[in-house]
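Next comes my_file_2.txt, a file with compact mmCIF, C-alpha atoms and all ligand atoms.
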```
# COMPACT_ATOMS: atom_id res chain seq x y z
CA MET A 1 -110.44 91.83 41.24
CA THR A 2 -113.75 90.33 42.26
CA LEU A 3 -114.33 90.25 46.00
CA LEU A 4 -115.95 87.22 47.63
CA ALA A 5 -118.11 87.92 50.66
CA PRO A 6 -119.34 84.76 52.43
CA SER A 7 -122.61 85.38 54.24
CA ILE A 8 -122.54 83.88 57.73
CA LEU A 9 -126.32 83.50 57.64
CA SER A 10 -125.73 79.93 56.45
CA ALA A 11 -122.86 79.23 58.87
CA ASP A 12 -123.06 77.06 61.97
CA PHE A 13 -123.67 79.65 64.69
CA ALA A 14 -122.54 77.32 67.44
CA ARG A 15 -119.10 77.40 65.78
CA LEU A 16 -119.09 80.86 64.30
CA ASP A 17 -115.49 81.58 65.27
CA ASP A 18 -114.19 78.45 63.46
CA GLN A 19 -116.37 79.04 60.45
CA VAL A 20 -115.30 82.65 59.99
CA SER A 21 -111.66 81.75 60.56
CA ALA A 22 -111.95 78.99 57.95
CA ALA A 23 -113.45 81.44 55.46
CA GLU A 24 -110.67 83.93 56.16
CA ALA A 25 -107.97 81.28 55.77
CA ALA A 26 -109.57 80.15 52.50
CA GLY A 27 -109.29 83.63 51.00
CA ALA A 28 -112.61 85.32 51.69
CA ASP A 29 -112.36 89.07 51.11
CA TRP A 30 -115.19 90.33 53.30
CA ILE A 31 -117.52 88.75 55.84
CA HIS A 32 -121.14 89.52 54.98
CA VAL A 33 -123.40 89.93 58.02
CA ASP A 34 -127.17 89.79 57.47
CA VAL A 35 -129.09 91.71 60.10
CA MET A 36 -132.87 91.14 60.05
CA ASP A 37 -135.51 92.64 62.31
CA GLY A 38 -138.67 90.59 61.72
CA ARG A 39 -140.35 93.70 60.41
CA PHE A 40 -138.69 94.77 57.19
CA VAL A 41 -138.23 91.08 56.44
CA PRO A 42 -140.04 88.05 57.87
CA ASN A 43 -137.03 86.74 59.78
CA ILE A 44 -134.91 87.76 62.77
CA THR A 45 -131.18 87.15 62.87
CA MET A 46 -128.42 89.02 64.66
CA GLY A 47 -127.50 92.45 65.95
CA PHE A 48 -124.74 94.54 67.52
CA VAL A 49 -123.34 91.89 69.85
CA VAL A 50 -122.65 89.48 67.01
CA VAL A 51 -120.88 92.19 65.00
CA GLU A 52 -118.80 93.02 68.10
CA ALA A 53 -117.92 89.36 68.57
CA LEU A 54 -117.00 88.95 64.89
CA ARG A 55 -114.72 91.97 65.17
CA THR A 56 -112.62 90.08 67.71
CA VAL A 57 -112.22 86.93 65.57
CA THR A 58 -111.40 88.25 62.09
CA ARG A 59 -109.40 91.03 60.49
CA LEU A 60 -111.53 90.91 57.35
CA PRO A 61 -113.84 93.84 56.64
CA LEU A 62 -117.33 93.27 58.06
CA ASP A 63 -119.91 94.00 55.38
CA VAL A 64 -123.10 94.59 57.36
CA HIS A 65 -126.35 94.27 55.38
CA LEU A 66 -129.21 95.82 57.34
CA MET A 67 -132.59 94.37 56.47
CA ILE A 68 -134.29 96.47 59.12
CA ALA A 69 -136.90 99.21 59.17
CA GLU A 70 -135.71 102.75 59.92
CA PRO A 71 -132.02 101.88 59.64
CA GLU A 72 -131.02 105.50 60.32
CA ARG A 73 -131.74 104.80 63.98
CA TYR A 74 -129.03 102.16 64.19
CA VAL A 75 -126.32 102.70 61.58
CA GLU A 76 -123.91 104.50 63.92
CA ARG A 77 -124.14 101.72 66.48
CA PHE A 78 -123.28 99.13 63.84
CA VAL A 79 -120.20 101.13 62.85
CA ALA A 80 -119.23 101.44 66.52
CA ALA A 81 -119.68 97.68 66.87
CA GLY A 82 -117.08 97.13 64.14
CA ALA A 83 -118.80 97.32 60.74
CA ASP A 84 -116.51 98.49 57.92
CA GLY A 85 -119.41 98.90 55.55
CA VAL A 86 -123.09 99.33 56.29
CA THR A 87 -125.75 98.77 53.64
CA ILE A 88 -129.33 99.92 54.14
CA HIS A 89 -132.41 99.17 52.03
CA ALA A 90 -134.06 101.79 49.86
CA GLU A 91 -137.47 100.38 50.82
CA ALA A 92 -136.81 100.50 54.56
CA THR A 93 -136.93 104.23 55.25
CA PRO A 94 -138.07 107.60 53.91
CA HIS A 95 -134.64 108.88 55.05
CA VAL A 96 -132.28 107.06 52.73
CA HIS A 97 -130.05 110.07 52.19
CA ARG A 98 -129.77 110.85 55.88
CA ALA A 99 -128.95 107.25 56.72
CA LEU A 100 -126.20 107.13 54.07
CA GLN A 101 -124.71 110.37 55.38
CA LEU A 102 -124.70 109.01 58.92
CA ILE A 103 -122.81 105.89 57.81
CA ARG A 104 -120.07 107.91 56.13
CA LEU A 105 -119.86 110.38 58.99
CA ALA A 106 -119.36 107.46 61.34
CA GLY A 107 -116.41 106.40 59.18
CA ALA A 108 -117.76 103.40 57.27
CA ARG A 109 -118.51 102.60 53.63
CA ALA A 110 -122.07 103.49 52.73
CA GLY A 111 -124.17 100.99 50.80
CA LEU A 112 -127.68 101.02 49.38
CA ALA A 113 -129.59 97.84 48.56
CA VAL A 114 -132.67 97.35 46.40
CA ASN A 115 -135.12 94.46 46.36
CA PRO A 116 -135.83 92.57 43.11
CA ALA A 117 -138.89 94.68 42.20
CA THR A 118 -137.53 98.07 43.24
CA PRO A 119 -136.79 100.40 40.31
CA LEU A 120 -133.10 101.06 39.75
CA ASP A 121 -134.00 104.76 39.49
CA TRP A 122 -133.25 104.86 43.20
CA PHE A 123 -129.58 104.85 42.35
CA GLU A 124 -129.77 107.85 40.01
CA ASP A 125 -129.92 110.33 42.84
CA VAL A 126 -127.66 108.69 45.40
CA LEU A 127 -124.98 106.78 43.49
CA ASP A 128 -122.55 109.68 43.79
CA GLU A 129 -122.79 109.38 47.57
CA LEU A 130 -122.43 105.62 47.67
CA ASP A 131 -119.51 103.27 48.07
CA LEU A 132 -121.59 100.19 47.35
CA ALA A 133 -124.73 99.44 45.35
CA LEU A 134 -126.27 96.12 46.39
CA LEU A 135 -128.55 94.37 43.95
CA MET A 136 -130.75 91.76 45.64
CA SER A 137 -131.13 88.74 43.39
CA VAL A 138 -133.60 87.02 45.77
CA ASN A 139 -136.20 88.46 48.11
CA PRO A 140 -134.38 89.37 51.32
CA GLY A 141 -135.03 87.32 54.43
CA PHE A 142 -133.59 83.87 53.94
CA GLY A 143 -130.53 82.08 52.66
CA GLY A 144 -130.62 79.27 50.14
CA GLN A 145 -133.15 80.75 47.70
CA LYS A 146 -133.02 80.48 43.92
CA PHE A 147 -131.40 83.28 41.93
CA ILE A 148 -134.01 85.42 40.13
CA PRO A 149 -132.88 85.37 36.44
CA ARG A 150 -134.19 88.85 35.74
CA SER A 151 -131.44 90.14 38.05
CA LEU A 152 -128.90 89.65 35.24
CA GLU A 153 -130.51 92.28 33.11
CA ARG A 154 -130.93 94.59 36.12
CA LEU A 155 -127.26 94.15 36.91
CA GLU A 156 -126.30 95.33 33.44
CA ARG A 157 -128.46 98.42 33.78
CA LEU A 158 -127.02 99.14 37.22
CA ALA A 159 -123.49 98.75 35.83
CA SER A 160 -124.12 101.35 33.16
CA LEU A 161 -125.63 103.75 35.71
CA ARG A 162 -122.52 103.25 37.80
CA GLU A 163 -120.23 104.00 34.84
CA ARG A 164 -122.10 107.21 34.19
CA ILE A 165 -122.56 108.49 37.74
CA ASN A 166 -119.89 107.04 39.99
CA PRO A 167 -117.34 104.60 38.56
CA GLU A 168 -115.76 104.31 42.02
CA ALA A 169 -118.83 102.66 43.52
CA ARG A 170 -118.78 98.89 43.81
CA ILE A 171 -121.64 96.68 42.73
CA GLU A 172 -122.52 93.77 45.02
CA VAL A 173 -124.90 90.95 44.12
CA ASP A 174 -126.63 89.05 46.93
CA GLY A 175 -128.85 85.97 46.74
CA GLY A 176 -128.58 82.64 44.97
CA VAL A 177 -124.97 83.22 43.96
CA GLY A 178 -122.74 80.18 43.37
CA PRO A 179 -120.15 78.70 41.03
CA ALA A 180 -122.80 78.24 38.32
CA ASN A 181 -123.58 81.94 37.89
CA ALA A 182 -120.56 83.73 39.39
CA ALA A 183 -118.70 84.27 36.11
CA GLU A 184 -121.79 85.62 34.39
CA LEU A 185 -122.36 88.08 37.24
CA VAL A 186 -118.82 89.35 37.04
CA ARG A 187 -119.09 89.69 33.27
CA ARG A 188 -122.18 91.84 33.72
CA GLY A 189 -120.56 94.17 36.22
CA ALA A 190 -120.52 92.66 39.71
CA ASP A 191 -117.49 93.52 41.87
CA VAL A 192 -118.56 91.79 45.07
CA LEU A 193 -120.31 88.43 45.24
CA VAL A 194 -122.17 87.48 48.42
CA ALA A 195 -122.57 83.73 48.90
CA GLY A 196 -124.15 82.02 51.89
CA SER A 197 -125.35 78.50 51.15
CA ALA A 198 -122.75 78.08 48.39
CA VAL A 199 -119.97 78.54 50.99
CA PHE A 200 -121.42 77.09 54.20
CA ASN A 201 -122.99 73.70 53.45
CA ASP A 202 -122.57 69.98 54.18
CA ARG A 203 -121.55 69.06 50.65
CA ALA A 204 -117.98 70.29 50.90
CA SER A 205 -115.64 72.22 53.18
CA ILE A 206 -115.64 76.00 53.36
CA ALA A 207 -112.23 75.99 51.67
CA GLN A 208 -113.43 73.77 48.82
CA ASN A 209 -116.53 75.88 48.30
CA LEU A 210 -114.61 79.14 48.24
CA ARG A 211 -112.10 77.62 45.84
CA ALA A 212 -114.93 76.60 43.49
CA LEU A 213 -116.30 80.14 43.55
CA ARG A 214 -112.88 81.69 42.98
CA ASP A 215 -112.21 79.29 40.08
CA ALA A 216 -115.56 80.11 38.53
CA VAL A 217 -114.84 83.84 38.73
CA GLN A 218 -111.35 83.50 37.27
CA ASN A 219 -112.41 81.43 34.28
C1 LIG B 1 -130.73 87.16 52.06
C2 LIG B 1 -129.39 87.64 52.52
C3 LIG B 1 -128.27 86.97 51.84
C4 LIG B 1 -128.22 85.48 52.07
C5 LIG B 1 -127.70 84.87 50.81
O1 LIG B 1 -131.74 87.94 52.61
O2 LIG B 1 -129.25 89.03 52.30
O3 LIG B 1 -127.02 87.57 52.16
O4 LIG B 1 -127.42 85.08 53.13
O5 LIG B 1 -127.80 83.50 50.91
P1 LIG B 1 -127.58 82.57 49.65
O6 LIG B 1 -126.21 82.86 49.13
O7 LIG B 1 -127.72 81.20 50.21
O8 LIG B 1 -128.65 82.92 48.66
ZN ZN B 2 -127.16 89.89 52.53
```
Would it be possible to restate this file's structure as structure tokens?
Amino acid sequence: MTLLAPSILSADFARLDDQVSAAEAAGADWIHVDVMDGRFVPNITMGFVVVEALRTVTRLPLDVHLMIAEPERYVERFVAAGADGVTIHAEATPHVHRALQLIRLAGARAGLAVNPATPLDWFEDVLDELDLALLMSVNPGFGGQKFIPRSLERLERLASLRERINPEARIEVDGGVGPANAAELVRRGADVLVAGSAVFNDRASIAQNLRALRDAVQN
């Protein structure tokens, strides 16, 4: 079954508790938490205290996406704060393998993300030690960007790498995901869909938006 992971980056932070509870009630599978440091990406968002606070308001797994330089310095603290999965970026450190080991040792699911122009070769040597492979379908840093079409073909290649190296690993797609492309992404191998602006927006309620995504995936 495809997992839906609303990204709270597009939520109303003054009402984060309500928004996360609404997503949970509407059938979200994971809560995706985008951590940005203003260095690896040109934006700053949230850190440990927000993950700790989220842990007290939802039972859903917290899927923490670290868009920070030198993530190996912080992964254990994010697990201690309540992360169920921690995803680091291949471009963010020379110590990818060490960082992934630290995440698993701390007791969380280990994820590796790649930017749109990063060769998928990265996954060849680490997929067997991964629980999650995250394919960025926009440049990391901001919500509400347009899906990069080339990501579809990359997703297919990643899916065949996964079949060959580690069929247990999940593939997550992040950026520009919505009802219009969700089914296509699942068809090409995505197991987890991250959606920020498609879930948290003024056009419809969180429940309506999640329903539209779920319907798209099921059709
Ligand atoms: C982008 C973040 C995404 C973002 C997705 O850097 O990693 O998780 O919230 O937002 P949408 O779904 O609006 O593209
Ligand atoms: Zn993300």
Test item: residues lying within 8 Å of ligand LIG 1 (chain B) with only C-alpha atoms and all ligand atoms, as a tab-separated table (two decimals) with C-alpha atoms, keeping the file's coordinate frame:
```
chain	number	residue	atom	x	y	z
A	6	PRO	CA	-119.34	84.76	52.43
A	7	SER	CA	-122.61	85.38	54.24
A	8	ILE	CA	-122.54	83.88	57.73
A	9	LEU	CA	-126.32	83.50	57.64
A	10	SER	CA	-125.73	79.93	56.45
A	32	HIS	CA	-121.14	89.52	54.98
A	33	VAL	CA	-123.40	89.93	58.02
A	34	ASP	CA	-127.17	89.79	57.47
A	65	HIS	CA	-126.35	94.27	55.38
A	67	MET	CA	-132.59	94.37	56.47
A	136	MET	CA	-130.75	91.76	45.64
A	138	VAL	CA	-133.60	87.02	45.77
A	139	ASN	CA	-136.20	88.46	48.11
A	140	PRO	CA	-134.38	89.37	51.32
A	141	GLY	CA	-135.03	87.32	54.43
A	142	PHE	CA	-133.59	83.87	53.94
A	143	GLY	CA	-130.53	82.08	52.66
A	144	GLY	CA	-130.62	79.27	50.14
A	145	GLN	CA	-133.15	80.75	47.70
A	146	LYS	CA	-133.02	80.48	43.92
A	147	PHE	CA	-131.40	83.28	41.93
A	174	ASP	CA	-126.63	89.05	46.93
A	175	GLY	CA	-128.85	85.97	46.74
A	176	GLY	CA	-128.58	82.64	44.97
A	177	VAL	CA	-124.97	83.22	43.96
A	178	GLY	CA	-122.74	80.18	43.37
A	194	VAL	CA	-122.17	87.48	48.42
A	195	ALA	CA	-122.57	83.73	48.90
A	196	GLY	CA	-124.15	82.02	51.89
A	197	SER	CA	-125.35	78.50	51.15
A	198	ALA	CA	-122.75	78.08	48.39
A	199	VAL	CA	-119.97	78.54	50.99
```
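A straight line drawn from CA of Ala69 in chain A to CA of Val41 in chain A is 8.7 Å long.
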Here's a test: counting all atoms listed in the file, identify every protein, DNA and RNA residue with an atom at most 12 Å from (-122.5, 111.5, 39.0) in the file's coordinate frame, and state them as a short mmCIF file (atom, residue, chain, number, x, y, z; two decimals) with C-alpha atoms, in the coordinates of the input.
```cif
data_model
loop_
_atom_site.label_atom_id
_atom_site.label_comp_id
_atom_site.auth_asym_id
_atom_site.auth_seq_id
_atom_site.Cartn_x
_atom_site.Cartn_y
_atom_site.Cartn_z
CA PHE A 123 -129.58 104.85 42.35
CA GLU A 124 -129.77 107.85 40.01
CA ASP A 125 -129.92 110.33 42.84
CA VAL A 126 -127.66 108.69 45.40
CA LEU A 127 -124.98 106.78 43.49
CA ASP A 128 -122.55 109.68 43.79
CA GLU A 129 -122.79 109.38 47.57
CA LEU A 130 -122.43 105.62 47.67
CA SER A 160 -124.12 101.35 33.16
CA LEU A 161 -125.63 103.75 35.71
CA ARG A 162 -122.52 103.25 37.80
CA GLU A 163 -120.23 104.00 34.84
CA ARG A 164 -122.10 107.21 34.19
CA ILE A 165 -122.56 108.49 37.74
CA ASN A 166 -119.89 107.04 39.99
CA PRO A 167 -117.34 104.60 38.56
CA GLU A 168 -115.76 104.31 42.02
CA ALA A 169 -118.83 102.66 43.52
#
```
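Distances from A:Ala190, A:Ile44, A:Leu60, A:Val35 to ligand ZN 2 (chain B) were compared using only C-alpha atoms and all ligand atoms, and the smallest one belongs to A:Val35.
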Expected answer as a short mmCIF file (atom, residue, chain, number, x, y, z; two decimals) with C-alpha atoms, keeping the file's coordinate frame: all residues with atoms within 12 Å of (-132.6, 90.1, 32.8), all atoms listed in the file:
```cif
data_model
loop_
_atom_site.label_atom_id
_atom_site.label_comp_id
_atom_site.auth_asym_id
_atom_site.auth_seq_id
_atom_site.Cartn_x
_atom_site.Cartn_y
_atom_site.Cartn_z
CA PRO A 116 -135.83 92.57 43.11
CA SER A 137 -131.13 88.74 43.39
CA PHE A 147 -131.40 83.28 41.93
CA ILE A 148 -134.01 85.42 40.13
CA PRO A 149 -132.88 85.37 36.44
CA ARG A 150 -134.19 88.85 35.74
CA SER A 151 -131.44 90.14 38.05
CA LEU A 152 -128.90 89.65 35.24
CA GLU A 153 -130.51 92.28 33.11
CA ARG A 154 -130.93 94.59 36.12
CA LEU A 155 -127.26 94.15 36.91
CA GLU A 156 -126.30 95.33 33.44
CA ARG A 157 -128.46 98.42 33.78
CA LEU A 158 -127.02 99.14 37.22
CA GLU A 184 -121.79 85.62 34.39
CA LEU A 185 -122.36 88.08 37.24
CA ARG A 188 -122.18 91.84 33.72
#
```
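Between CA of Arg187 in chain A and CA of Thr118 in chain A there is a distance of 22.6 Å.
The protein and nucleic acid residues lying at most 12 Å from range 52-59 of chain A are Ile8, Phe13, Arg15, Leu16, Asp17, Asp18, Gln19, Val20, Ser21, Ala22, Ala23, Glu24, Ala25, Ala28, Asp29, Trp30, Ile31, His32, Val33, Met46, Arg77, Phe78, Val79, Ala80, Ala81, Gly82, Ala83 and Asp84 of chain A, with all atoms listed in the file considered and sequence neighbours fewer than 6 positions away removed.
Among the candidates A:Leu132, A:Asn181, A:Asp121, A:Pro71, the one nearest to Leu102 in chain A when counting all atoms listed in the file is A:Pro71.
With all atoms listed in the file as the basis for measurement, A:His89 is the residue among A:His89, A:Arg98, A:Arg73, A:Arg39 that approaches ligand ZN 2 (chain B) most closely.
Here the question is which of A:Glu172, A:Asp131, A:Asp12, A:Asp37 gets nearest to ligand ZN 2 (chain B) using all atoms listed in the file, and that residue is A:Glu172.
Counting all atoms listed in the file, the residue from A:Ala108, A:Leu134, A:Val50, A:Val75 that sits nearest to ligand ZN 2 (chain B) is A:Leu134.
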- Item | Top pick for closest residue to Val217 in chain A, considering A:Ala182, A:Arg104, A:Met1, A:Thr93 and counting only C-alpha atoms | A:Ala182
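Here CA of Ala117 in chain A stands at a distance of 15.3 Å from CA of Ala133 in chain A.
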Around range 133-141 of chain A, with edges along x, y and z and 4 Å added on all six sides, what centre and edge lengths do you get, in Å to one decimal, as JSON?
```
{"center_x": -130.5, "center_y": 93.2, "center_z": 48.9, "size_x": 19.5, "size_y": 20.4, "size_z": 19.0}
```
